[in-house]
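So this one's work_21.tsv, TSV, C-alpha atoms and all ligand atoms:
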```
chain	number	residue	atom	x	y	z
A	439	MET	CA	21.71	-6.99	-3.39
A	440	LYS	CA	19.52	-9.00	-5.74
A	441	ASN	CA	16.14	-10.10	-4.47
A	442	ILE	CA	13.06	-10.71	-6.56
A	443	SER	CA	9.80	-10.48	-4.68
A	444	ARG	CA	7.00	-12.89	-5.40
A	445	LEU	CA	3.71	-12.03	-7.02
A	446	GLN	CA	0.83	-13.57	-5.09
A	447	THR	CA	-2.73	-14.00	-6.31
A	448	LEU	CA	-5.23	-12.54	-3.87
A	449	ASN	CA	-8.54	-14.32	-3.50
A	450	HIS	CA	-11.55	-12.55	-2.07
A	451	PRO	CA	-15.31	-12.81	-2.76
A	452	LEU	CA	-15.34	-9.12	-3.77
A	453	PHE	CA	-12.90	-9.78	-6.58
A	454	ALA	CA	-15.02	-12.63	-7.90
A	455	ARG	CA	-18.14	-10.42	-7.69
A	456	HIS	CA	-16.49	-7.66	-9.70
A	457	GLN	CA	-14.82	-10.17	-12.03
A	458	VAL	CA	-11.31	-8.81	-11.65
A	459	LYS	CA	-8.03	-10.56	-11.02
A	460	VAL	CA	-5.99	-9.14	-8.15
A	461	SER	CA	-2.37	-9.86	-7.28
A	462	ILE	CA	-0.05	-8.44	-4.72
A	463	LYS	CA	3.66	-7.88	-5.26
A	464	ARG	CA	5.15	-8.96	-1.96
A	465	ASP	CA	7.97	-6.48	-1.58
A	466	ASP	CA	7.21	-6.67	2.15
A	467	GLN	CA	8.86	-10.10	2.04
A	468	ILE	CA	11.97	-9.00	0.20
A	469	HIS	CA	14.04	-8.84	3.39
A	470	PRO	CA	13.08	-9.24	7.08
A	471	ILE	CA	14.29	-5.72	7.96
A	472	ILE	CA	14.98	-3.73	4.80
A	473	SER	CA	11.51	-4.48	3.52
A	474	GLY	CA	9.37	-3.09	0.74
A	475	ASN	CA	10.27	0.07	-1.06
A	476	LYS	CA	13.16	0.65	1.37
A	477	TRP	CA	15.13	-2.18	-0.16
A	478	ARG	CA	14.49	-0.81	-3.62
A	479	LYS	CA	15.31	2.77	-2.71
A	480	LEU	CA	18.42	2.10	-0.69
A	481	LYS	CA	20.02	-0.40	-3.05
A	482	TYR	CA	21.68	2.08	-5.42
A	483	ASN	CA	22.12	4.76	-2.77
A	484	LEU	CA	24.29	2.46	-0.69
A	485	GLN	CA	26.11	1.20	-3.74
A	486	TYR	CA	26.84	4.80	-4.75
A	487	ALA	CA	28.08	5.70	-1.26
A	488	LYS	CA	30.42	2.70	-1.19
A	489	LEU	CA	31.72	3.24	-4.72
A	490	ASN	CA	32.46	6.87	-3.98
A	491	GLN	CA	34.21	6.02	-0.74
A	492	TYR	CA	31.81	7.82	1.55
A	493	LYS	CA	32.17	6.72	5.15
A	494	GLY	CA	28.53	7.16	6.05
A	495	ILE	CA	25.02	8.28	5.17
A	496	ILE	CA	22.98	11.14	6.58
A	497	SER	CA	19.24	11.03	6.24
A	498	PHE	CA	16.01	12.37	7.72
A	499	GLY	CA	12.84	11.00	9.25
A	500	GLY	CA	10.30	10.96	12.02
A	501	CYS	CA	10.44	8.93	15.23
A	502	TYR	CA	8.66	5.95	13.66
A	503	SER	CA	10.30	6.18	10.26
A	504	ASN	CA	10.42	2.98	8.21
A	505	HIS	CA	13.18	4.59	6.21
A	506	LEU	CA	15.46	5.25	9.20
A	507	HIS	CA	14.84	1.77	10.57
A	508	ALA	CA	15.84	0.14	7.27
A	509	LEU	CA	18.71	2.55	6.65
A	510	ALA	CA	20.25	1.87	10.05
A	511	TYR	CA	20.37	-1.86	9.39
A	512	ALA	CA	21.51	-1.50	5.78
A	513	CYS	CA	24.37	0.81	6.79
A	514	GLN	CA	25.44	-1.52	9.56
A	515	GLN	CA	25.55	-4.38	7.04
A	516	GLN	CA	27.59	-2.31	4.60
A	517	GLN	CA	29.99	-0.95	7.24
A	518	LEU	CA	28.79	2.59	6.69
A	519	LYS	CA	28.13	5.07	9.47
A	520	ALA	CA	24.57	6.32	9.72
A	521	LEU	CA	23.42	9.67	11.04
A	522	ALA	CA	19.72	10.45	11.29
A	523	ILE	CA	18.24	13.91	11.63
A	524	VAL	CA	15.08	13.02	13.52
A	525	ARG	CA	12.01	15.22	13.75
A	526	GLY	CA	10.84	15.35	17.35
A	527	GLU	CA	12.12	14.88	20.81
A	528	SER	CA	14.70	12.52	22.23
A	529	ILE	CA	12.03	11.23	24.61
A	530	ASN	CA	11.10	8.94	21.70
A	531	GLN	CA	14.54	7.46	21.29
A	532	ASP	CA	13.63	4.25	23.06
A	533	ASN	CA	10.65	3.40	20.91
A	534	TYR	CA	10.77	0.22	18.81
A	535	THR	CA	11.94	1.93	15.61
A	536	LEU	CA	14.66	4.10	17.08
A	537	SER	CA	15.94	1.61	19.62
A	538	TRP	CA	16.61	-0.82	16.79
A	539	ALA	CA	18.18	1.97	14.74
A	540	LYS	CA	20.50	2.75	17.65
A	541	HIS	CA	21.19	-0.93	18.13
A	542	TRP	CA	22.46	-1.06	14.57
A	543	GLY	CA	24.72	1.89	15.26
A	544	MET	CA	22.73	4.80	13.87
A	545	GLN	CA	23.49	8.13	15.51
A	546	LEU	CA	20.36	10.14	16.20
A	547	SER	CA	20.20	13.92	16.16
A	548	PHE	CA	16.81	15.24	17.29
A	549	VAL	CA	15.65	18.56	15.85
A	550	ASP	CA	12.54	20.68	16.34
A	551	ARG	CA	9.93	20.96	13.61
A	552	GLN	CA	11.20	24.30	12.39
A	553	THR	CA	14.70	22.95	11.83
A	554	TYR	CA	13.33	19.78	10.30
A	555	ARG	CA	11.38	21.84	7.75
A	556	GLN	CA	14.72	22.93	6.28
A	557	ARG	CA	15.56	19.39	5.23
A	558	HIS	CA	15.24	20.16	1.51
A	559	GLU	CA	16.86	23.61	1.64
A	560	THR	CA	20.16	24.04	-0.12
A	561	ASP	CA	21.78	26.17	2.61
A	562	TYR	CA	20.87	23.75	5.35
A	563	LEU	CA	22.08	20.77	3.36
A	564	TYR	CA	25.26	22.60	2.46
A	565	THR	CA	25.99	23.23	6.14
A	566	LEU	CA	25.37	19.58	6.98
A	567	GLN	CA	27.65	18.49	4.18
A	568	GLN	CA	30.39	20.80	5.47
A	569	LEU	CA	30.04	19.28	8.92
A	570	TYR	CA	30.13	15.73	7.55
A	571	PRO	CA	32.09	15.87	4.28
A	572	ASP	CA	32.55	12.10	4.19
A	573	HIS	CA	28.82	11.37	4.47
A	574	PHE	CA	26.43	10.97	1.55
A	575	LEU	CA	23.14	12.86	1.97
A	576	VAL	CA	20.00	10.86	1.27
A	577	PRO	CA	16.68	12.74	1.43
A	578	GLU	CA	13.75	11.86	3.67
A	579	GLY	CA	12.13	8.62	2.61
A	580	GLY	CA	15.21	7.93	0.47
A	581	SER	CA	13.53	9.54	-2.53
A	582	ASN	CA	16.18	10.62	-5.03
A	583	GLN	CA	17.19	9.62	-8.56
A	584	LEU	CA	19.12	6.58	-7.31
A	585	ALA	CA	15.99	5.43	-5.52
A	586	LEU	CA	13.96	5.74	-8.72
A	587	GLU	CA	16.40	3.39	-10.42
A	588	GLY	CA	15.94	0.76	-7.72
A	589	ILE	CA	12.16	1.12	-7.71
A	590	GLY	CA	12.12	0.76	-11.50
A	591	GLU	CA	13.28	-2.83	-11.09
A	592	ILE	CA	9.81	-3.68	-9.76
A	593	ILE	CA	8.41	-3.02	-13.23
A	594	ASN	CA	11.02	-5.25	-14.86
A	595	GLU	CA	10.16	-8.05	-12.43
A	596	LEU	CA	6.42	-7.61	-12.94
A	597	ASN	CA	6.81	-7.74	-16.70
A	598	GLN	CA	8.56	-11.08	-16.29
A	599	GLN	CA	5.97	-12.37	-13.83
A	600	THR	CA	2.66	-11.44	-15.46
A	601	THR	CA	0.63	-9.15	-17.67
A	602	PHE	CA	-1.52	-6.58	-15.89
A	603	ASP	CA	-3.63	-3.46	-16.37
A	604	HIS	CA	-3.28	-1.42	-13.19
A	605	LEU	CA	-0.59	-1.06	-10.57
A	606	LEU	CA	-1.52	0.54	-7.23
A	607	VAL	CA	0.94	1.99	-4.74
A	608	PRO	CA	0.75	4.13	-1.59
A	609	VAL	CA	2.28	7.61	-1.95
A	610	GLY	CA	4.19	9.37	0.84
A	611	SER	CA	7.07	11.39	-0.58
A	612	GLY	CA	6.36	10.35	-4.17
A	613	GLY	CA	9.64	8.54	-4.90
A	614	THR	CA	8.14	5.10	-5.25
A	615	LEU	CA	5.39	6.27	-7.58
A	616	ALA	CA	7.88	8.28	-9.66
A	617	GLY	CA	10.23	5.29	-10.03
A	618	LEU	CA	7.39	3.09	-11.22
A	619	ILE	CA	6.09	5.66	-13.70
A	620	LYS	CA	9.55	6.28	-15.11
A	621	GLN	CA	10.41	2.65	-15.73
A	622	ASP	CA	6.93	1.67	-16.85
A	623	ASN	CA	6.94	4.34	-19.52
A	624	ASN	CA	3.19	4.25	-20.27
A	625	GLN	CA	2.78	0.47	-20.46
A	626	HIS	CA	0.25	0.27	-17.61
A	627	ASN	CA	-2.08	2.45	-15.57
A	628	ILE	CA	-0.25	3.43	-12.41
A	629	LEU	CA	-2.33	4.73	-9.58
A	630	GLY	CA	-0.91	6.27	-6.43
A	631	ILE	CA	-3.02	6.40	-3.29
A	632	ALA	CA	-1.98	9.46	-1.29
A	633	VAL	CA	-1.48	8.73	2.41
A	634	LEU	CA	-1.35	12.41	3.31
A	635	LYS	CA	-3.41	15.46	2.54
A	636	GLN	CA	-1.24	17.71	0.37
A	637	SER	CA	-2.29	16.49	-3.05
A	638	ASN	CA	-0.81	19.30	-5.12
A	639	TYR	CA	2.43	19.01	-3.27
A	640	LEU	CA	2.58	15.30	-4.08
A	641	LEU	CA	1.81	15.81	-7.76
A	642	ASN	CA	4.60	18.35	-8.01
A	643	GLU	CA	7.03	16.13	-6.12
A	644	VAL	CA	6.41	13.28	-8.53
A	645	LYS	CA	6.74	15.54	-11.57
A	646	THR	CA	9.97	17.02	-10.21
A	647	LEU	CA	11.42	13.57	-9.58
A	648	LEU	CA	10.42	12.51	-13.09
A	649	LYS	CA	12.03	15.63	-14.56
A	650	ASP	CA	9.06	15.27	-16.82
A	651	ASN	CA	9.52	16.53	-20.29
A	652	LYS	CA	8.73	13.04	-21.51
A	653	SER	CA	4.99	12.52	-21.68
A	654	HIS	CA	4.18	10.08	-18.95
A	655	HIS	CA	0.41	10.09	-19.21
A	656	ARG	CA	-0.80	6.84	-17.64
A	657	TRP	CA	-0.60	7.78	-13.99
A	658	SER	CA	-2.62	9.63	-11.39
A	659	ILE	CA	-2.93	10.12	-7.64
A	660	GLU	CA	-6.13	9.47	-5.70
A	661	ASN	CA	-6.49	11.90	-2.83
A	662	ASP	CA	-9.60	10.64	-1.08
A	663	TYR	CA	-8.07	7.92	1.02
A	664	HIS	CA	-5.63	9.65	3.38
A	665	GLY	CA	-8.07	9.08	6.24
A	666	GLY	CA	-7.56	12.54	7.76
A	667	GLY	CA	-3.84	13.00	7.11
A	668	TYR	CA	-0.48	11.34	7.50
A	669	ALA	CA	-0.55	8.48	10.04
A	670	LYS	CA	-4.19	9.22	10.88
A	671	PHE	CA	-6.79	6.49	10.66
A	672	SER	CA	-10.11	5.65	12.25
A	673	THR	CA	-10.72	2.55	14.34
A	674	ASP	CA	-13.24	1.52	11.74
A	675	ASN	CA	-10.63	1.66	8.98
A	676	ALA	CA	-8.05	-0.16	11.09
A	677	ASN	CA	-10.63	-2.90	11.65
A	678	LYS	CA	-11.37	-3.14	7.92
A	679	ILE	CA	-7.68	-3.58	7.21
A	680	LEU	CA	-7.39	-6.22	9.89
A	681	GLN	CA	-10.42	-8.06	8.57
A	682	PHE	CA	-8.97	-8.10	5.05
A	683	SER	CA	-5.67	-9.39	6.44
A	684	LYS	CA	-7.50	-12.22	8.18
A	685	GLU	CA	-9.38	-13.09	4.99
A	686	THR	CA	-6.32	-13.14	2.76
A	687	GLY	CA	-3.44	-13.97	5.10
A	688	VAL	CA	-1.52	-10.85	4.02
A	689	GLN	CA	-0.59	-8.42	6.76
A	690	PHE	CA	-1.02	-4.69	6.12
A	691	GLU	CA	-0.40	-1.68	8.33
A	692	PRO	CA	-2.73	1.35	8.50
A	693	ILE	CA	-0.30	4.12	7.44
A	694	TYR	CA	0.75	3.09	3.94
A	695	SER	CA	-0.27	-0.31	2.56
A	696	GLY	CA	-3.56	-0.28	4.52
A	697	LYS	CA	-4.59	3.06	3.02
A	698	MET	CA	-3.77	1.77	-0.44
A	699	LEU	CA	-5.88	-1.29	0.28
A	700	LEU	CA	-8.89	0.69	1.49
A	701	GLY	CA	-8.59	3.01	-1.50
A	702	PHE	CA	-8.44	0.03	-3.82
A	703	LEU	CA	-11.51	-1.63	-2.28
A	704	ASP	CA	-13.51	1.57	-2.52
A	705	LEU	CA	-12.52	2.15	-6.14
A	706	LEU	CA	-13.42	-1.44	-6.94
A	707	GLU	CA	-16.87	-1.07	-5.35
A	708	ASN	CA	-17.38	2.12	-7.34
A	709	GLY	CA	-16.69	0.54	-10.71
A	710	TYR	CA	-13.27	2.08	-11.33
A	711	PHE	CA	-11.91	-1.14	-12.86
A	712	ASN	CA	-13.25	-3.03	-15.86
A	713	VAL	CA	-14.33	-6.66	-15.90
A	714	ASN	CA	-11.43	-9.08	-16.49
A	715	GLN	CA	-8.79	-6.54	-15.67
A	716	HIS	CA	-5.74	-7.59	-13.68
A	717	ILE	CA	-4.87	-5.26	-10.84
A	718	VAL	CA	-1.55	-5.49	-9.03
A	719	LEU	CA	-1.14	-4.00	-5.54
A	720	LEU	CA	2.40	-3.17	-4.50
A	721	HIS	CA	2.98	-4.08	-0.85
A	722	THR	CA	5.60	-1.55	0.17
A	723	GLY	CA	6.36	-3.13	3.55
A	724	GLY	CA	6.60	-0.91	6.60
A	725	LEU	CA	5.18	-3.50	8.98
A	726	GLN	CA	7.66	-2.44	11.65
A	727	GLY	CA	5.50	0.70	11.98
A	728	ILE	CA	2.84	-1.41	13.71
A	729	ALA	CA	5.09	-1.63	16.76
A	730	GLY	CA	5.05	2.15	17.21
A	731	LEU	CA	1.29	2.27	16.86
A	732	VAL	CA	0.93	-0.43	19.51
A	733	GLU	CA	3.34	1.47	21.78
A	734	GLN	CA	1.15	4.55	21.42
A	735	ASN	CA	-1.95	2.45	22.21
A	736	ARG	CA	-3.39	3.22	18.82
A	737	LEU	CA	-3.55	-0.46	17.88
A	738	SER	CA	-4.09	-3.40	20.17
A	739	ALA	CA	-1.13	-5.74	20.55
A	740	SER	CA	-3.40	-8.77	20.73
A	741	GLU	CA	-4.92	-8.05	17.31
A	742	TRP	CA	-1.94	-6.61	15.49
A	743	PRO	CA	0.95	-9.04	15.69
A	744	LEU	CA	4.32	-7.40	15.82
A	745	PRO	CA	6.73	-8.19	13.03
A	746	PRO	CA	9.33	-10.72	14.11
A	747	ALA	CA	12.22	-9.25	16.02
A	748	PRO	CA	15.28	-8.75	13.84
A	749	PRO	CA	18.00	-11.34	14.26
A	750	ALA	CA	20.81	-10.37	16.58
A	751	TRP	CA	23.95	-9.44	14.70
B	801	LIG	C1	6.00	1.33	3.96
B	801	LIG	C2	5.96	2.49	3.06
B	801	LIG	N1	5.19	2.43	1.97
B	801	LIG	C3	5.10	3.48	1.11
B	801	LIG	C4	5.78	4.63	1.35
B	801	LIG	C5	5.63	5.75	0.39
B	801	LIG	O1	6.70	5.81	-0.46
B	801	LIG	P1	7.18	7.19	-1.06
B	801	LIG	O2	7.68	8.01	0.09
B	801	LIG	O3	8.24	6.83	-2.00
B	801	LIG	O4	6.00	7.82	-1.71
B	801	LIG	C6	6.61	4.74	2.48
B	801	LIG	C7	7.34	5.97	2.79
B	801	LIG	O5	8.31	6.35	2.49
B	801	LIG	C8	6.69	3.65	3.36
B	801	LIG	O6	7.46	3.68	4.46
```
Translate the structure of the given file into structure tokens.
Ligand SMILES: Cc1ncc(COP(=O)(O)O)c(C=O)c1O
Amino acid sequence: MKNISRLQTLNHPLFARHQVKVSIKRDDQIHPIISGNKWRKLKYNLQYAKLNQYKGIISFGGCYSNHLHALAYACQQQQLKALAIVRGESINQDNYTLSWAKHWGMQLSFVDRQTYRQRHETDYLYTLQQLYPDHFLVPEGGSNQLALEGIGEIINELNQQTTFDHLLVPVGSGGTLAGLIKQDNNQHNILGIAVLKQSNYLLNEVKTLLKDNKSHHRWSIENDYHGGGYAKFSTDNANKILQFSKETGVQFEPIYSGKMLLGFLDLLENGYFNVNQHIVLLHTGGLQGIAGLVEQNRLSASEWPLPPAPPAW
């Protein structure tokens, strides 16, 4: 899999007022289904599974998981079986995300929250591995060392495409941020915008993934823009995101890229960036998540266009 995403200049009166240059790395356009950081994270995981003759992948996620959606399609393309441990109830199995996942052959195993909480525990993972010895275990969100390697390629591409001062990215499990920090190796300021509340947890996750005895010192996580917690957002914020999308022609969703965007705009207004600096936003995809929000009546279908339906296979 070799796809280079384009770097697009973003024009907006705010950027001219603050005299900064803003670009967006369109990883959302990398592939119609395996979009954004999913492509980057899965690339070497799937390669590893194939090389080591695994027959399938087991991974974890919620009912609207971008990761499970992408993984299902990627496994189907690579002739790998896919088993998802899904947090929640099977009543959700016909939502947009999971019905596509099933369509691509993913097997879904629904577990309660208590069971799901064990997803990082050695004993639980050991038992799963015993049950499915020919499956490769990929953590929630795909965030492991192989994912960091794939994410690191974004930095190599950016260094070929431009020079820049800051790179902004939404942070969920921390894998994307860690991969960028590792490969960047203190060349740029890398700023993660947390999309959930547990800031200390996120910092530790990133440090653990970095195995940090090397001094990566040009990164931080902003914790003021989670909007109330994971997948929470106000109507006002959803409208701001929509407005920005209309002004720039770039679609965002309110769980990841939209929170990064709102964080960025607030930081810009508050003088975080210097005049003439070049700021790159990483669009991590996840637009399929809009469908679930429309299904739950949290976004209006007339205002939030659904991503195109995947091609039949
Ligand atoms: C679209 C999208 N952007 C960003 C993230 C956050 O990435 P990470 O979990 O690596 O922090 C995720 C979640 O995994 C995601 O689905």
Listing only residues of chain A within 6 Å of ligand LIG 801 (chain B), what is the closest atom pair and its distance in Å (to one decimal) for each, using only C-alpha atoms and all ligand atoms, sorted by chain and residue number ascending, as a tab-separated table?
```
residue	atom	partner	partner_atom	distance
A:Asn504	CA	B:LIG801	O6	4.8
A:Gly579	CA	B:LIG801	O5	4.4
A:Ser581	CA	B:LIG801	O3	6.0
A:Pro608	CA	B:LIG801	C3	5.2
A:Val609	CA	B:LIG801	O4	3.7
A:Gly610	CA	B:LIG801	O4	3.5
A:Ser611	CA	B:LIG801	O2	3.5
A:Gly612	CA	B:LIG801	O4	3.5
A:Gly613	CA	B:LIG801	O3	3.6
A:Thr614	CA	B:LIG801	O3	3.7
A:Tyr694	CA	B:LIG801	N1	4.9
A:Thr722	CA	B:LIG801	N1	4.4
A:Gly723	CA	B:LIG801	C1	4.5
A:Gly724	CA	B:LIG801	C1	3.5
```
Once you count all atoms listed in the file, what closest atom pair and distance in Å to one decimal does each residue of stretch 460-575 of chain A within 12 Å of stretch 671-693 of chain A have, with rows by chain and rising residue number, as JSON lines?
```
{"residue": "A:Val460", "atom": "CA", "partner": "A:Thr686", "partner_atom": "CA", "distance": 11.6}
{"residue": "A:Ser461", "atom": "CA", "partner": "A:Thr686", "partner_atom": "CA", "distance": 11.3}
{"residue": "A:Ile462", "atom": "CA", "partner": "A:Val688", "partner_atom": "CA", "distance": 9.2}
{"residue": "A:Lys463", "atom": "CA", "partner": "A:Val688", "partner_atom": "CA", "distance": 11.0}
{"residue": "A:Arg464", "atom": "CA", "partner": "A:Val688", "partner_atom": "CA", "distance": 9.2}
{"residue": "A:Asp465", "atom": "CA", "partner": "A:Val688", "partner_atom": "CA", "distance": 11.9}
{"residue": "A:Asp466", "atom": "CA", "partner": "A:Gln689", "partner_atom": "CA", "distance": 9.2}
{"residue": "A:Gln467", "atom": "CA", "partner": "A:Val688", "partner_atom": "CA", "distance": 10.6}
{"residue": "A:Gly474", "atom": "CA", "partner": "A:Phe690", "partner_atom": "CA", "distance": 11.8}
{"residue": "A:Tyr502", "atom": "CA", "partner": "A:Ile693", "partner_atom": "CA", "distance": 11.1}
{"residue": "A:Ser503", "atom": "CA", "partner": "A:Ile693", "partner_atom": "CA", "distance": 11.2}
{"residue": "A:Asn504", "atom": "CA", "partner": "A:Ile693", "partner_atom": "CA", "distance": 10.8}
```
Take the residues just selected and output them with C-alpha atoms as a compact mmCIF listing (two decimals), keeping the file's coordinate frame.
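Here's the written file result04.txt:
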```
# COMPACT_ATOMS: atom_id res chain seq x y z
CA VAL A 460 -5.99 -9.14 -8.15
CA SER A 461 -2.37 -9.86 -7.28
CA ILE A 462 -0.05 -8.44 -4.72
CA LYS A 463 3.66 -7.88 -5.26
CA ARG A 464 5.15 -8.96 -1.96
CA ASP A 465 7.97 -6.48 -1.58
CA ASP A 466 7.21 -6.67 2.15
CA GLN A 467 8.86 -10.10 2.04
CA GLY A 474 9.37 -3.09 0.74
CA TYR A 502 8.66 5.95 13.66
CA SER A 503 10.30 6.18 10.26
CA ASN A 504 10.42 2.98 8.21
```
**OP:** Can you pull out every residue within 10 Å of A:Asn490, counting only C-alpha atoms, but drop anything in the same chain fewer than 4 positions away, and send it as an NGL selection string?
**Re:** :A and (484-486 or 572 or 574)
**OP:** Could you check how far atom CA of A:Arg478 sits from atom CA of A:Leu634, in Å to one decimal?
**Re:**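 Going from atom CA of A:Arg478 over to atom CA of A:Leu634 covers 21.8 Å.
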Original post:
Contacts of A:Lys645 at 10 Å or less, counting all atoms listed in the file, minus same-chain residues fewer than 4 places along, as a list of chain:residue names?
Top reply: A:Gly612, A:Ala616, A:Tyr639, A:Leu640, A:Leu641, A:Lys649, A:Asp650, A:Asn651, A:His654
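Candidate residues A:Thr535, A:Thr565, A:Ser637, A:Ser473 were compared for distance to A:Ile442, and the nearest is A:Ser473, using only C-alpha atoms.
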**OP:** Using only C-alpha atoms, find all polymer residues with an atom at most 10 Å away from the point (1.7, 0.5, 16.8); report them as a list in words.
**Re:**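 Residues with an atom at most 10 Å from (1.7, 0.5, 16.8): Tyr502, Tyr534, Glu691, Pro692, Leu725, Gln726, Gly727, Ile728, Ala729, Gly730, Leu731, Val732, Glu733, Gln734, Asn735, Arg736, Leu737, Ser738, Ala739, Trp742, Pro743 and Leu744 of chain A.
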Original post:
Interatomic distance between atom CA of A:Tyr663 and atom CA of A:Gly701?
Top reply: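 Atom CA of A:Gly701 lies at a distance of 5.5 Å from atom CA of A:Tyr663.
Here atom CA of A:Arg455 stands at a distance of 18.9 Å from atom CA of A:Phe602.
The protein and nucleic acid residues lying at most 10 Å from A:Leu648 are Gln583, Leu586, Gly613, Leu615, Ala616, Gly617, Ile619, Lys620, Asn642, Glu643 and His654 of chain A, with only C-alpha atoms considered and sequence neighbours fewer than 5 positions away removed.
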**OP:** Can you work out which one of A:Asn483, A:Leu720, A:Ser547, A:Gly666 has the shortest atom-to-atom distance to A:Leu618, counting only C-alpha atoms?
**Re:** A:Leu720
Write out as lines of an AutoDock Vina configuration file an axis-aligned box for stretch 719-725 of chain A: all of its atoms listed in the file, 5 Å added on each side, centre and edge lengths in Å with one decimal.
```
center_x = 2.7
center_y = -2.5
center_z = 1.7
size_x = 17.7
size_y = 13.2
size_z = 24.5
```
All heavy atoms are needed for stretch 738-744 of chain A; please write them out as a PDB file, in the frame of the given file.
```pdb
ATOM      1  N   SER A 738      -4.208  -2.458  19.036  1.00  0.00           N
ATOM      2  CA  SER A 738      -4.090  -3.400  20.170  1.00  0.00           C
ATOM      3  C   SER A 738      -3.098  -4.514  19.832  1.00  0.00           C
ATOM      4  O   SER A 738      -3.159  -5.117  18.755  1.00  0.00           O
ATOM      5  CB  SER A 738      -5.476  -3.951  20.518  1.00  0.00           C
ATOM      6  OG  SER A 738      -5.539  -5.306  20.221  1.00  0.00           O
ATOM      7  N   ALA A 739      -2.196  -4.754  20.776  1.00  0.00           N
ATOM      8  CA  ALA A 739      -1.130  -5.740  20.550  1.00  0.00           C
ATOM      9  C   ALA A 739      -1.704  -7.130  20.309  1.00  0.00           C
ATOM     10  O   ALA A 739      -1.119  -7.932  19.576  1.00  0.00           O
ATOM     11  CB  ALA A 739      -0.196  -5.768  21.757  1.00  0.00           C
ATOM     12  N   SER A 740      -2.858  -7.420  20.887  1.00  0.00           N
ATOM     13  CA  SER A 740      -3.400  -8.770  20.730  1.00  0.00           C
ATOM     14  C   SER A 740      -3.927  -8.980  19.300  1.00  0.00           C
ATOM     15  O   SER A 740      -3.916 -10.090  18.783  1.00  0.00           O
ATOM     16  CB  SER A 740      -4.499  -9.035  21.746  1.00  0.00           C
ATOM     17  OG  SER A 740      -5.510  -8.082  21.572  1.00  0.00           O
ATOM     18  N   GLU A 741      -4.371  -7.892  18.665  1.00  0.00           N
ATOM     19  CA  GLU A 741      -4.920  -8.050  17.310  1.00  0.00           C
ATOM     20  C   GLU A 741      -3.897  -7.817  16.214  1.00  0.00           C
ATOM     21  O   GLU A 741      -4.020  -8.351  15.120  1.00  0.00           O
ATOM     22  CB  GLU A 741      -6.075  -7.066  17.126  1.00  0.00           C
ATOM     23  CG  GLU A 741      -7.289  -7.460  17.937  1.00  0.00           C
ATOM     24  CD  GLU A 741      -8.505  -6.722  17.450  1.00  0.00           C
ATOM     25  OE1 GLU A 741      -8.472  -5.477  17.474  1.00  0.00           O
ATOM     26  OE2 GLU A 741      -9.462  -7.386  17.044  1.00  0.00           O
ATOM     27  N   TRP A 742      -2.928  -6.962  16.521  1.00  0.00           N
ATOM     28  CA  TRP A 742      -1.940  -6.610  15.490  1.00  0.00           C
ATOM     29  C   TRP A 742      -0.599  -7.226  15.862  1.00  0.00           C
ATOM     30  O   TRP A 742       0.160  -6.651  16.644  1.00  0.00           O
ATOM     31  CB  TRP A 742      -1.811  -5.086  15.375  1.00  0.00           C
ATOM     32  CG  TRP A 742      -3.031  -4.450  14.816  1.00  0.00           C
ATOM     33  CD1 TRP A 742      -4.185  -4.165  15.485  1.00  0.00           C
ATOM     34  CD2 TRP A 742      -3.247  -4.040  13.463  1.00  0.00           C
ATOM     35  NE1 TRP A 742      -5.097  -3.607  14.636  1.00  0.00           N
ATOM     36  CE2 TRP A 742      -4.543  -3.502  13.381  1.00  0.00           C
ATOM     37  CE3 TRP A 742      -2.464  -4.060  12.294  1.00  0.00           C
ATOM     38  CZ2 TRP A 742      -5.093  -3.007  12.199  1.00  0.00           C
ATOM     39  CZ3 TRP A 742      -3.006  -3.558  11.128  1.00  0.00           C
ATOM     40  CH2 TRP A 742      -4.303  -3.039  11.075  1.00  0.00           C
ATOM     41  N   PRO A 743      -0.308  -8.397  15.317  1.00  0.00           N
ATOM     42  CA  PRO A 743       0.950  -9.040  15.690  1.00  0.00           C
ATOM     43  C   PRO A 743       2.146  -8.200  15.276  1.00  0.00           C
ATOM     44  O   PRO A 743       2.138  -7.596  14.200  1.00  0.00           O
ATOM     45  CB  PRO A 743       0.918 -10.359  14.922  1.00  0.00           C
ATOM     46  CG  PRO A 743      -0.108 -10.186  13.868  1.00  0.00           C
ATOM     47  CD  PRO A 743      -1.061  -9.100  14.299  1.00  0.00           C
ATOM     48  N   LEU A 744       3.103  -8.139  16.148  1.00  0.00           N
ATOM     49  CA  LEU A 744       4.320  -7.400  15.820  1.00  0.00           C
ATOM     50  C   LEU A 744       5.124  -8.174  14.796  1.00  0.00           C
ATOM     51  O   LEU A 744       5.097  -9.399  14.786  1.00  0.00           O
ATOM     52  CB  LEU A 744       5.183  -7.234  17.069  1.00  0.00           C
ATOM     53  CG  LEU A 744       4.699  -6.248  18.109  1.00  0.00           C
ATOM     54  CD1 LEU A 744       5.735  -6.078  19.189  1.00  0.00           C
ATOM     55  CD2 LEU A 744       4.441  -4.889  17.447  1.00  0.00           C
TER      56      LEU A 744
END
```
